[in-house]
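**Q** model26.cif (mmCIF, C-alpha atoms; chains and numbers go by the auth columns) pasted underneath:
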```
data_run
#
loop_
_atom_site.group_PDB
_atom_site.id
_atom_site.type_symbol
_atom_site.label_atom_id
_atom_site.label_comp_id
_atom_site.label_asym_id
_atom_site.label_seq_id
_atom_site.Cartn_x
_atom_site.Cartn_y
_atom_site.Cartn_z
_atom_site.B_iso_or_equiv
_atom_site.auth_seq_id
_atom_site.auth_asym_id
ATOM 1 C CA MET A 1 1.572 -7.804 10.773 0.00 1 A
ATOM 2 C CA SER A 2 0.008 -4.539 11.875 0.00 2 A
ATOM 3 C CA ASP A 3 -0.569 -3.840 15.530 0.00 3 A
ATOM 4 C CA GLU A 4 -4.128 -4.200 16.720 0.00 4 A
ATOM 5 C CA PRO A 5 -6.173 -1.134 15.745 0.00 5 A
ATOM 6 C CA GLU A 6 -6.269 1.602 18.371 0.00 6 A
ATOM 7 C CA ARG A 7 -9.683 1.727 19.970 0.00 7 A
ATOM 8 C CA ASP A 8 -11.610 4.745 21.222 0.00 8 A
ATOM 9 C CA GLU A 9 -12.841 3.682 24.678 0.00 9 A
ATOM 10 C CA ALA A 10 -15.930 5.933 24.439 0.00 10 A
ATOM 11 C CA HIS A 11 -17.096 4.008 21.375 0.00 11 A
ATOM 12 C CA ASP A 12 -15.558 0.602 22.087 0.00 12 A
ATOM 13 C CA TRP A 13 -17.752 -2.365 21.285 0.00 13 A
ATOM 14 C CA PRO A 14 -16.790 -5.282 23.522 0.00 14 A
ATOM 15 C CA VAL A 15 -15.213 -8.168 21.620 0.00 15 A
ATOM 16 C CA LEU A 16 -16.793 -11.324 23.005 0.00 16 A
ATOM 17 C CA GLU A 17 -14.844 -13.689 20.788 0.00 17 A
ATOM 18 C CA SER A 18 -12.060 -13.340 18.232 0.00 18 A
ATOM 19 C CA GLU A 19 -11.417 -16.210 15.830 0.00 19 A
ATOM 20 C CA VAL A 20 -8.730 -16.728 13.206 0.00 20 A
ATOM 21 C CA GLU A 21 -10.333 -18.901 10.529 0.00 21 A
ATOM 22 C CA TYR A 22 -7.419 -19.118 8.099 0.00 22 A
ATOM 23 C CA GLU A 23 -3.809 -18.119 7.622 0.00 23 A
ATOM 24 C CA THR A 24 -2.270 -17.987 4.178 0.00 24 A
ATOM 25 C CA GLY A 25 1.268 -16.794 4.836 0.00 25 A
ATOM 26 C CA TRP A 26 0.222 -13.599 3.043 0.00 26 A
ATOM 27 C CA TYR A 27 -2.665 -12.626 5.278 0.00 27 A
ATOM 28 C CA THR A 28 -4.770 -13.846 8.184 0.00 28 A
ATOM 29 C CA GLY A 29 -8.569 -13.877 8.131 0.00 29 A
ATOM 30 C CA GLY A 30 -11.186 -14.267 10.782 0.00 30 A
ATOM 31 C CA TYR A 31 -13.891 -12.496 12.711 0.00 31 A
ATOM 32 C CA ASP A 32 -14.642 -10.701 15.937 0.00 32 A
ATOM 33 C CA LEU A 33 -17.973 -11.345 17.643 0.00 33 A
ATOM 34 C CA VAL A 34 -18.840 -7.953 19.096 0.00 34 A
ATOM 35 C CA GLU A 35 -21.549 -6.549 21.292 0.00 35 A
ATOM 36 C CA GLN A 36 -23.142 -3.612 19.499 0.00 36 A
ATOM 37 C CA PRO A 37 -24.400 -0.490 21.328 0.00 37 A
ATOM 38 C CA ASP A 38 -27.973 -1.872 21.444 0.00 38 A
ATOM 39 C CA GLY A 39 -26.794 -5.060 23.187 0.00 39 A
ATOM 40 C CA SER A 40 -27.114 -7.299 20.131 0.00 40 A
ATOM 41 C CA THR A 41 -24.124 -9.269 18.849 0.00 41 A
ATOM 42 C CA LYS A 42 -22.689 -9.620 15.361 0.00 42 A
ATOM 43 C CA LYS A 43 -19.680 -11.236 13.708 0.00 43 A
ATOM 44 C CA TYR A 44 -17.470 -8.714 11.901 0.00 44 A
ATOM 45 C CA TYR A 45 -15.142 -10.434 9.454 0.00 45 A
ATOM 46 C CA TRP A 46 -11.643 -9.106 8.748 0.00 46 A
ATOM 47 C CA ALA A 47 -8.438 -9.847 6.915 0.00 47 A
ATOM 48 C CA GLU A 48 -5.131 -8.727 8.416 0.00 48 A
ATOM 49 C CA LEU A 49 -2.276 -7.868 6.076 0.00 49 A
ATOM 50 C CA PRO A 50 1.197 -6.500 6.798 0.00 50 A
ATOM 51 C CA ASP A 51 1.795 -2.770 6.424 0.00 51 A
ATOM 52 C CA ALA A 52 2.674 -1.658 2.895 0.00 52 A
ATOM 53 C CA ALA A 53 4.615 1.247 1.404 0.00 53 A
ATOM 54 C CA VAL A 54 3.575 2.830 -1.903 0.00 54 A
ATOM 55 C CA VAL A 55 6.223 4.978 -3.588 0.00 55 A
ATOM 56 C CA VAL A 56 5.740 8.080 -5.746 0.00 56 A
ATOM 57 C CA PRO A 57 9.174 8.248 -7.447 0.00 57 A
ATOM 58 C CA VAL A 58 9.812 11.339 -9.548 0.00 58 A
ATOM 59 C CA THR A 59 12.803 12.043 -11.788 0.00 59 A
ATOM 60 C CA ASP A 60 13.383 14.236 -14.838 0.00 60 A
ATOM 61 C CA GLY A 61 9.714 15.186 -15.206 0.00 61 A
ATOM 62 C CA THR A 62 8.487 11.605 -14.988 0.00 62 A
ATOM 63 C CA VAL A 63 6.847 9.374 -12.420 0.00 63 A
ATOM 64 C CA VAL A 64 8.511 5.958 -12.438 0.00 64 A
ATOM 65 C CA MET A 65 5.679 3.423 -12.513 0.00 65 A
ATOM 66 C CA VAL A 66 5.528 -0.335 -13.029 0.00 66 A
ATOM 67 C CA GLU A 67 3.195 -2.485 -15.067 0.00 67 A
ATOM 68 C CA GLN A 68 2.352 -5.957 -13.874 0.00 68 A
ATOM 69 C CA TYR A 69 -0.281 -8.644 -14.184 0.00 69 A
ATOM 70 C CA ARG A 70 -2.578 -8.940 -11.160 0.00 70 A
ATOM 71 C CA PRO A 71 -4.026 -12.469 -10.981 0.00 71 A
ATOM 72 C CA ALA A 72 -6.664 -11.400 -8.417 0.00 72 A
ATOM 73 C CA ILE A 73 -8.440 -9.330 -11.094 0.00 73 A
ATOM 74 C CA GLY A 74 -7.002 -10.954 -14.215 0.00 74 A
ATOM 75 C CA GLU A 75 -5.618 -7.663 -15.581 0.00 75 A
ATOM 76 C CA ARG A 76 -2.337 -5.887 -16.281 0.00 76 A
ATOM 77 C CA CYS A 77 -2.109 -2.793 -14.091 0.00 77 A
ATOM 78 C CA LEU A 78 -0.063 0.383 -14.280 0.00 78 A
ATOM 79 C CA GLU A 79 0.932 1.108 -10.696 0.00 79 A
ATOM 80 C CA LEU A 80 3.294 2.923 -8.418 0.00 80 A
ATOM 81 C CA PRO A 81 6.040 0.678 -6.985 0.00 81 A
ATOM 82 C CA ALA A 82 4.916 -0.808 -3.680 0.00 82 A
ATOM 83 C CA GLY A 83 5.555 -3.576 -1.211 0.00 83 A
ATOM 84 C CA ILE A 84 5.418 -4.913 2.299 0.00 84 A
ATOM 85 C CA VAL A 85 7.097 -3.162 5.214 0.00 85 A
ATOM 86 C CA GLU A 86 9.468 -5.723 6.718 0.00 86 A
ATOM 87 C CA ASP A 87 10.110 -6.061 10.450 0.00 87 A
ATOM 88 C CA GLY A 88 12.023 -3.081 11.802 0.00 88 A
ATOM 89 C CA GLU A 89 11.487 -0.932 8.698 0.00 89 A
ATOM 90 C CA SER A 90 9.767 2.419 8.508 0.00 90 A
ATOM 91 C CA PHE A 91 7.505 3.239 5.578 0.00 91 A
ATOM 92 C CA THR A 92 10.275 5.356 4.031 0.00 92 A
ATOM 93 C CA THR A 93 12.931 2.659 4.407 0.00 93 A
ATOM 94 C CA ALA A 94 10.605 0.033 2.950 0.00 94 A
ATOM 95 C CA GLY A 95 9.642 2.404 0.130 0.00 95 A
ATOM 96 C CA ALA A 96 13.271 3.028 -0.820 0.00 96 A
ATOM 97 C CA ARG A 97 14.011 -0.713 -0.753 0.00 97 A
ATOM 98 C CA GLU A 98 10.963 -1.579 -2.865 0.00 98 A
ATOM 99 C CA LEU A 99 11.852 1.172 -5.344 0.00 99 A
ATOM 100 C CA ARG A 100 15.383 -0.224 -5.764 0.00 100 A
ATOM 101 C CA GLU A 101 14.155 -3.801 -6.093 0.00 101 A
ATOM 102 C CA GLU A 102 11.293 -3.156 -8.512 0.00 102 A
ATOM 103 C CA THR A 103 12.595 -0.313 -10.682 0.00 103 A
ATOM 104 C CA GLY A 104 16.365 -0.203 -10.308 0.00 104 A
ATOM 105 C CA PHE A 105 16.348 3.350 -8.909 0.00 105 A
ATOM 106 C CA ASP A 106 17.860 4.342 -5.580 0.00 106 A
ATOM 107 C CA PRO A 107 16.421 7.545 -4.088 0.00 107 A
ATOM 108 C CA ALA A 108 18.619 10.246 -2.588 0.00 108 A
ATOM 109 C CA GLY A 109 15.674 11.223 -0.403 0.00 109 A
ATOM 110 C CA THR A 110 12.315 9.934 0.736 0.00 110 A
ATOM 111 C CA SER A 111 9.529 11.476 2.773 0.00 111 A
ATOM 112 C CA LEU A 112 6.327 10.079 4.209 0.00 112 A
ATOM 113 C CA LEU A 113 3.344 11.881 2.677 0.00 113 A
ATOM 114 C CA GLU A 114 0.659 10.002 4.590 0.00 114 A
ATOM 115 C CA GLU A 115 0.043 6.909 6.710 0.00 115 A
ATOM 116 C CA PHE A 116 -3.495 5.525 7.003 0.00 116 A
ATOM 117 C CA TRP A 117 -5.697 2.481 7.547 0.00 117 A
ATOM 118 C CA THR A 118 -7.015 0.973 4.310 0.00 118 A
ATOM 119 C CA ALA A 119 -10.530 -0.414 3.644 0.00 119 A
ATOM 120 C CA THR A 120 -11.462 -0.185 7.318 0.00 120 A
ATOM 121 C CA GLY A 121 -14.720 -2.069 6.815 0.00 121 A
ATOM 122 C CA VAL A 122 -12.869 -5.324 6.215 0.00 122 A
ATOM 123 C CA LEU A 123 -9.078 -4.915 6.443 0.00 123 A
ATOM 124 C CA ARG A 124 -6.562 -4.491 9.217 0.00 124 A
ATOM 125 C CA HIS A 125 -3.946 -2.969 6.969 0.00 125 A
ATOM 126 C CA LYS A 126 -1.906 0.238 7.106 0.00 126 A
ATOM 127 C CA ARG A 127 -0.499 1.919 4.029 0.00 127 A
ATOM 128 C CA GLY A 128 2.187 4.583 3.862 0.00 128 A
ATOM 129 C CA ILE A 129 2.588 6.808 0.813 0.00 129 A
ATOM 130 C CA VAL A 130 6.257 7.704 0.296 0.00 130 A
ATOM 131 C CA PHE A 131 7.645 10.389 -2.028 0.00 131 A
ATOM 132 C CA ALA A 132 11.065 9.592 -3.538 0.00 132 A
ATOM 133 C CA GLU A 133 13.403 11.950 -5.390 0.00 133 A
ATOM 134 C CA GLY A 134 16.999 12.194 -6.547 0.00 134 A
ATOM 135 C CA LEU A 135 16.806 8.826 -8.286 0.00 135 A
ATOM 136 C CA GLU A 136 20.023 7.108 -9.350 0.00 136 A
ATOM 137 C CA PRO A 137 20.091 3.920 -11.454 0.00 137 A
ATOM 138 C CA VAL A 138 21.098 0.703 -9.643 0.00 138 A
ATOM 139 C CA ALA A 139 20.613 -2.996 -10.334 0.00 139 A
ATOM 140 C CA ARG A 140 17.052 -4.313 -10.005 0.00 140 A
ATOM 141 C CA ASP A 141 16.429 -7.190 -7.601 0.00 141 A
ATOM 142 C CA THR A 142 12.825 -8.305 -8.053 0.00 142 A
ATOM 143 C CA ASP A 143 11.244 -11.047 -5.966 0.00 143 A
ATOM 144 C CA SER A 144 10.775 -14.441 -7.618 0.00 144 A
ATOM 145 C CA ASN A 145 7.053 -13.743 -8.076 0.00 145 A
ATOM 146 C CA GLU A 146 7.470 -10.230 -9.515 0.00 146 A
ATOM 147 C CA PHE A 147 7.169 -10.012 -13.264 0.00 147 A
ATOM 148 C CA LEU A 148 6.937 -6.301 -13.869 0.00 148 A
ATOM 149 C CA GLU A 149 8.080 -3.737 -16.364 0.00 149 A
ATOM 150 C CA VAL A 150 9.269 -0.237 -15.506 0.00 150 A
ATOM 151 C CA ARG A 151 7.098 2.432 -17.165 0.00 151 A
ATOM 152 C CA PRO A 152 8.199 6.074 -16.809 0.00 152 A
ATOM 153 C CA VAL A 153 5.164 8.328 -17.275 0.00 153 A
ATOM 154 C CA PRO A 154 5.342 12.119 -17.739 0.00 154 A
ATOM 155 C CA VAL A 155 4.257 13.863 -14.525 0.00 155 A
ATOM 156 C CA GLU A 156 1.467 15.735 -16.303 0.00 156 A
ATOM 157 C CA GLU A 157 -0.010 12.449 -17.606 0.00 157 A
ATOM 158 C CA ALA A 158 0.479 10.260 -14.516 0.00 158 A
ATOM 159 C CA LEU A 159 -2.889 10.800 -12.815 0.00 159 A
ATOM 160 C CA ASP A 160 -4.865 10.410 -16.045 0.00 160 A
ATOM 161 C CA ARG A 161 -2.956 7.215 -16.851 0.00 161 A
ATOM 162 C CA ALA A 162 -3.518 5.906 -13.310 0.00 162 A
ATOM 163 C CA ARG A 163 -7.269 6.474 -13.680 0.00 163 A
ATOM 164 C CA GLU A 164 -7.473 4.330 -16.811 0.00 164 A
ATOM 165 C CA GLU A 165 -9.011 0.885 -16.328 0.00 165 A
ATOM 166 C CA PRO A 166 -8.069 -1.088 -14.397 0.00 166 A
ATOM 167 C CA ALA A 167 -7.456 1.737 -11.930 0.00 167 A
ATOM 168 C CA ASN A 168 -5.558 0.980 -8.713 0.00 168 A
ATOM 169 C CA ASP A 169 -6.488 2.627 -5.414 0.00 169 A
ATOM 170 C CA ALA A 170 -2.957 2.937 -4.025 0.00 170 A
ATOM 171 C CA THR A 171 -1.647 4.519 -7.231 0.00 171 A
ATOM 172 C CA ILE A 172 -4.423 7.102 -7.392 0.00 172 A
ATOM 173 C CA GLU A 173 -4.035 7.870 -3.671 0.00 173 A
ATOM 174 C CA GLY A 174 -0.276 8.300 -3.983 0.00 174 A
ATOM 175 C CA LEU A 175 -0.474 10.602 -6.983 0.00 175 A
ATOM 176 C CA LEU A 176 -3.245 12.726 -5.447 0.00 176 A
ATOM 177 C CA LEU A 177 -1.354 13.099 -2.153 0.00 177 A
ATOM 178 C CA ALA A 178 1.848 14.049 -3.989 0.00 178 A
ATOM 179 C CA ARG A 179 -0.040 16.571 -6.106 0.00 179 A
ATOM 180 C CA GLU A 180 -1.753 18.014 -3.024 0.00 180 A
ATOM 181 C CA ALA A 181 1.675 18.427 -1.400 0.00 181 A
ATOM 182 C CA GLY A 182 2.868 20.354 -4.483 0.00 182 A
ATOM 183 C CA LEU A 183 5.318 17.638 -5.498 0.00 183 A
ATOM 184 C CA LEU A 184 3.788 16.900 -8.917 0.00 184 A
#
```
Using structure tokens, write down the structure from this file.

**A**
Amino acid sequence: MSDEPERDEAHDWPVLESEVEYETGWYTGGYDLVEQPDGSTKKYYWAELPDAAVVVPVTDGTVVMVEQYRPAIGERCLELPAGIVEDGESFTTAGARELREETGFDPAGTSLLEEFWTATGVLRHKRGIVFAEGLEPVARDTDSNEFLEVRPVPVEEALDRAREEPANDATIEGLLLAREAGLL
């Protein structure tokens, strides 16, 4: 799981109580009872998820994407490969591993484009966007709950395709950051 969020002491709201209400094995949920600047108190609910790496893999003028069914929204989604950062891994190491497992491509190089907190109003979750290049085919090794198909998309079409319903935040973020860095 992510470390506790860093707090700015000048704007810190005292946490009077912190309760974990449920643990799923995938994420933990609960609330913090905080004292607000006016002296009143309020429960702020949160869900804590492990850090995740999202990969922007580019080869031969294409972005290697995956399509998979997302039960949470009941839709098939076109997405960038992504997954949880395991203990001891950096975002780039996790991104390379997830890319190999999900797509069957091993990158010659990876670089971290951005690391940031996600949905800060409700989540304790960091995401790292990783650029991958120099892709070489290897054997796929998907998790037992991953039923996905590899979908290479031409670089010039990737952002438009990612914006089609149902659009995915991490995919759009990754493609925009890569484009901003001049990599797409």

**Q** Which residues would end up in the selection if the PyMOL selection byres ((chain A and resi 67-72) around 12) were applied here, given that I need the answer as a PyMOL selection string?

**A** chain A and resi 64-66+73-82+102-103+145-153+161-162+166-168+171

**Q** One decimal, in Å: what's the spacing between CA of Leu176 in chain A and CA of Thr59 in chain A?

**A** 17.3 Å

**Q** Which residues fall under the PyMOL selection byres ((chain A and resi 83-96) around 9) in this file, as a list in words?

**A**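 For this structure, the PyMOL selection byres ((chain A and resi 83-96) around 9) resolves to Met1, Pro50, Asp51, Ala52, Ala53, Val54, Val55, Pro81, Ala82, Arg97, Glu98, Leu99, Arg100, Glu101, Phe105, Asp106, Pro107, Gly109, Thr110, Ser111, Leu112, Glu115, Arg127, Gly128, Ile129, Val130, Phe131 and Ala132 of chain A.
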
**Q** Looking at A:Val155, A:Arg124, A:Glu23, A:Glu17, which one is nearest to Asp60 in chain A, with distances taken over all atoms listed in the file?

**A** A:Val155

**Q** Looking at A:Glu180, A:Glu48, A:Glu21, A:Asp32, which one is nearest to Thr120 in chain A, with distances taken over all atoms listed in the file?

**A**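 Of A:Glu180, A:Glu48, A:Glu21, A:Asp32, the one nearest Thr120 in chain A, counting all atoms listed in the file, is A:Glu48.
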
**Q** Quick check, in Å to one decimal: how far apart do CA of Ala158 in chain A and CA of Asp141 in chain A lie?

**A** 24.6 Å

**Q** Just to confirm, what's the straight-line distance from CA of Val122 in chain A to CA of Leu177 in chain A in Å (one decimal)?

**A**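 Value for the CA of Val122 in chain A-CA of Leu177 in chain A distance: 23.3 Å.
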
**Q** Starting from 6 Å padding per side, set up an axis-aligned box that covers all listed atoms of range 56-72 of chain A and hand over centre and edge lengths in Å, one decimal, as lines of an AutoDock Vina configuration file.

**A**
```
center_x = 3.4
center_y = 1.4
center_z = -10.5
size_x = 32.0
size_y = 39.7
size_z = 21.5
```

**Q** For Thr24 in chain A, work out the shell of residues within 12 Å, counting only C-alpha atoms and skipping chain neighbours fewer than 6 positions away, then give it as a count of residues only.

**A** 4

**Q** Which residue is closest to Thr28 in chain A? Choose from A:Leu184, A:Trp46, A:Ser144, A:Thr62 and count all atoms listed in the file.

**A**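 Once distances to Thr28 in chain A are computed over all atoms listed in the file, the minimum belongs to A:Trp46.
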
**Q** Excluding Val15 in chain A and any residue of its chain fewer than 5 positions from it, enumerate the residues within 7 Å of it, using only C-alpha atoms, and give them as a VMD selection string.

**A** chain A and resid 32 to 35

**Q** Taking into account all atoms listed in the file, which residue in the set A:Glu114, A:Pro37, A:Pro137, A:Lys43 is nearest to Ala181 in chain A?

**A**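 Of A:Glu114, A:Pro37, A:Pro137, A:Lys43, the one nearest Ala181 in chain A is A:Glu114, counting all atoms listed in the file.
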